[in-house]
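A.B. asks: Can you read through this structure? Questions will come right after.
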Amino acid sequence: MSKSRKFLIASALVSVLATPVMAEKLGLGRPALPEEIEAWDVAVLPDGTGLPVGSGDVMTGDEVFADKCASCHGDFAEGLDAWPVLAGGQGTLRDVRPVKTIGSYWPYLSTVFDYVHRSMPFGSAQTVSADEAYAITAFLLYSNGLVEDDFELSNENFTEIVMPNAEGFYPDDRPVTEYPLFSAAACMENCAEGAPKVTKRAIELNVTPEDPDGKPAGTIPAIFAAADAGTASVTEAAAEAPAAEAVAEAVEAAEAPAADAVAGADPALVEAGEKVFKKCFTLSAPLTSISIVTH
């Protein structure tokens with residue numbers, strides 16, 4: 001083994017046996033300062049925790065919204081193209097296609113302010129000041145008919161606003177009400193009293209495919225329906241009889257020259273052909289019985 005190879009093996013063993021580098025402190029970084037944490041901690045909670053000091057009125061919010069938000073959400077928060085609708089939709093949550101907006105669906109005003117201040121406008125997040133965020137939020141409240149046009153929103157009166165759907169949400173209680181029903185041991189025998197009974201059929205549940213006549217797909221036609229179909233076929237056959245006779249006459253007319261040609265054939269040649277054909281007939285005749293002889 002060469003010296004260079006021995007050196008590489010020894011170096012590898014030293015690396016494996018040595019204390020991992022990540023186990024030691026690297027000496028990089030420093031604790032974050034309070035003002036640095038505050039700059040990133042912009043979340044606002046429903047009880048008002050995290051609200052910055054500031055204010056904004058509806059009219060100012062109308063101007064800011066038109067400048068920074070209307071290109072996607074429309075001048076009146078009605079939504080443009082596929083961008084979200086922010087106003088209207090009250091009373092539609094039970095519809096087949098509910099309109100979920102700030103006024104019809106969102107339970108807390110803090111969600112509106114937090115989303116605007118943290119993430120909007122699209123592509124330029126966190127360029128909206130605290131006062132502008134208050135003003136935009138006030139304008140959205142006005143667009144949903146929740147405040148008057150002279151309303152001013154601030155960190156002091158923020159928690160006084162109660163959203164229409166504040167009571168529309170409830171805690172997920174499935175771990176208590178549903179999960180135990182599906183976590184118990186499954187019954188494998190004698191699970192029901194009495195003999196099994198059919199309580200519902202697929203056709204009653206409207207899950208059975210249907211034929212064009214409205215009956216379950218593949219249904220065997222009724223006897224009278226088949227009889228009617230047979231009568232109709234006979235009627236059609238009777239109607240087509242004249243046409244069939246005409247075709248038969250045409251075939252007979254076409255075969256007449258061939259029959260004349262056979263009648264004028266050489267009798268000696270025909271007799272010779274019959275003798276030869278008897279050999280073919282004997283070979284091709286089916287076996288009608290088989291005799292088995294045993295000794």
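By convention in this document, the chains of the structure tokens carry letters A, B, ... by their order, each chain's residues are numbered from 1, and ligands are numbered from 1 in the order they are shown.
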Sort by chain and increasing residue number a table of all residues of region 87-155 of chain A within 6 Å of region 44-63 of chain A, each with its closest pair of atoms and their distance in Å to one decimal, counting only C-alpha atoms, and write it as JSON lines.
C.D. replies:
{"residue": "A:Ser110", "atom": "CA", "partner": "A:Pro46", "partner_atom": "CA", "distance": 5.2}
{"residue": "A:Asp114", "atom": "CA", "partner": "A:Val44", "partner_atom": "CA", "distance": 5.5}
{"residue": "A:Asp131", "atom": "CA", "partner": "A:Ser55", "partner_atom": "CA", "distance": 5.1}
{"residue": "A:Tyr134", "atom": "CA", "partner": "A:Gly56", "partner_atom": "CA", "distance": 4.8}
{"residue": "A:Ala135", "atom": "CA", "partner": "A:Gly56", "partner_atom": "CA", "distance": 3.8}
{"residue": "A:Ile136", "atom": "CA", "partner": "A:Gly61", "partner_atom": "CA", "distance": 4.2}
{"residue": "A:Ala138", "atom": "CA", "partner": "A:Val58", "partner_atom": "CA", "distance": 5.1}
{"residue": "A:Phe139", "atom": "CA", "partner": "A:Val58", "partner_atom": "CA", "distance": 4.5}
{"residue": "A:Asp149", "atom": "CA", "partner": "A:Val58", "partner_atom": "CA", "distance": 5.8}
{"residue": "A:Phe151", "atom": "CA", "partner": "A:Asp57", "partner_atom": "CA", "distance": 5.8}
{"residue": "A:Glu152", "atom": "CA", "partner": "A:Asp57", "partner_atom": "CA", "distance": 3.9}
{"residue": "A:Leu153", "atom": "CA", "partner": "A:Gly56", "partner_atom": "CA", "distance": 5.5}
{"residue": "A:Ser154", "atom": "CA", "partner": "A:Ser55", "partner_atom": "CA", "distance": 4.0}
{"residue": "A:Asn155", "atom": "CA", "partner": "A:Val53", "partner_atom": "CA", "distance": 5.8}
A.B. asks: Tell me which protein, DNA and RNA residues are within 6 Å of Ala77 (chain A), counting only C-alpha atoms, leaving out same-chain ones fewer than 2 positions away, and put them as a list in words.
C.D. replies: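 Contacts, with the query itself left out: His73, Gly74, Asp75, Gly79, Leu86 and Ala87 of chain A.
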A.B. asks: Residues of the last selection are to be written out with C-alpha atoms, as an mmCIF file, in the first residue's frame.
C.D. replies:
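Output file part-v6.cif is given in full below:
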data_model
loop_
_atom_site.group_PDB
_atom_site.id
_atom_site.type_symbol
_atom_site.label_atom_id
_atom_site.label_comp_id
_atom_site.auth_asym_id
_atom_site.auth_seq_id
_atom_site.Cartn_x
_atom_site.Cartn_y
_atom_site.Cartn_z
ATOM 1 C CA HIS A 73 -60.061 44.401 -6.381
ATOM 2 C CA GLY A 74 -61.950 47.101 -8.300
ATOM 3 C CA ASP A 75 -62.792 50.672 -7.288
ATOM 4 C CA GLY A 79 -63.156 42.293 -7.549
ATOM 5 C CA LEU A 86 -63.989 42.048 -0.867
ATOM 6 C CA ALA A 87 -67.472 43.559 -0.481
#
A.B. asks: Measure the distance from CA of Gly88 (chain A) to CA of Thr127 (chain A) in Å and round it to one decimal.
C.D. replies: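 Between CA of Gly88 (chain A) and CA of Thr127 (chain A) the gap works out to 26.9 Å.
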A.B. asks: Which of these, A:Glu167, A:Glu271, A:Asp41, A:Glu249, has the shortest distance to Ser104 (chain A) once you count only C-alpha atoms?
C.D. replies: A:Glu167
A.B. asks: Identify, with DSSP run on backbone atoms, the residues in region 87-227 of chain A assigned to strand (DSSP E or B), and express the list as a list in words.
C.D. replies: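 Selection result, strand (DSSP E or B) within region 87-227 of chain A: Glu152, Leu153, Ser154, Glu210 and Pro216 of chain A.
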A.B. asks: Neighbouring residues of Tyr105 (chain A) were defined as those with any atom within 9 Å, considering only C-alpha atoms; residues of the same chain fewer than 5 positions away were excluded. Please report them as a PyMOL selection string.
C.D. replies: chain A and resi 89-90+93+99-100+163-166+168
A.B. asks: Those same residues, written as a PDB file, in the first residue's frame with C-alpha atoms?
C.D. replies:
ATOM      1  CA  GLY A  89     -72.223  38.636  -0.326  1.00  0.00           C
ATOM      2  CA  GLN A  90     -74.140  39.023   2.923  1.00  0.00           C
ATOM      3  CA  LEU A  93     -73.063  31.507   2.927  1.00  0.00           C
ATOM      4  CA  VAL A  99     -69.861  34.825  -1.961  1.00  0.00           C
ATOM      5  CA  LYS A 100     -67.201  34.955   0.737  1.00  0.00           C
ATOM      6  CA  MET A 163     -67.979  41.580  12.192  1.00  0.00           C
ATOM      7  CA  PRO A 164     -71.322  40.134  10.969  1.00  0.00           C
ATOM      8  CA  ASN A 165     -69.999  36.554  10.837  1.00  0.00           C
ATOM      9  CA  ALA A 166     -68.202  36.646  14.190  1.00  0.00           C
ATOM     10  CA  GLY A 168     -70.309  31.840  12.293  1.00  0.00           C
TER      11      GLY A 168
END
A.B. asks: Mind giving me the straight-line distance from CA of Pro84 (chain A) to CA of Gly103 (chain A) in Å, one decimal?
C.D. replies: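 Pair CA of Pro84 (chain A) / CA of Gly103 (chain A) returns 12.9 Å.
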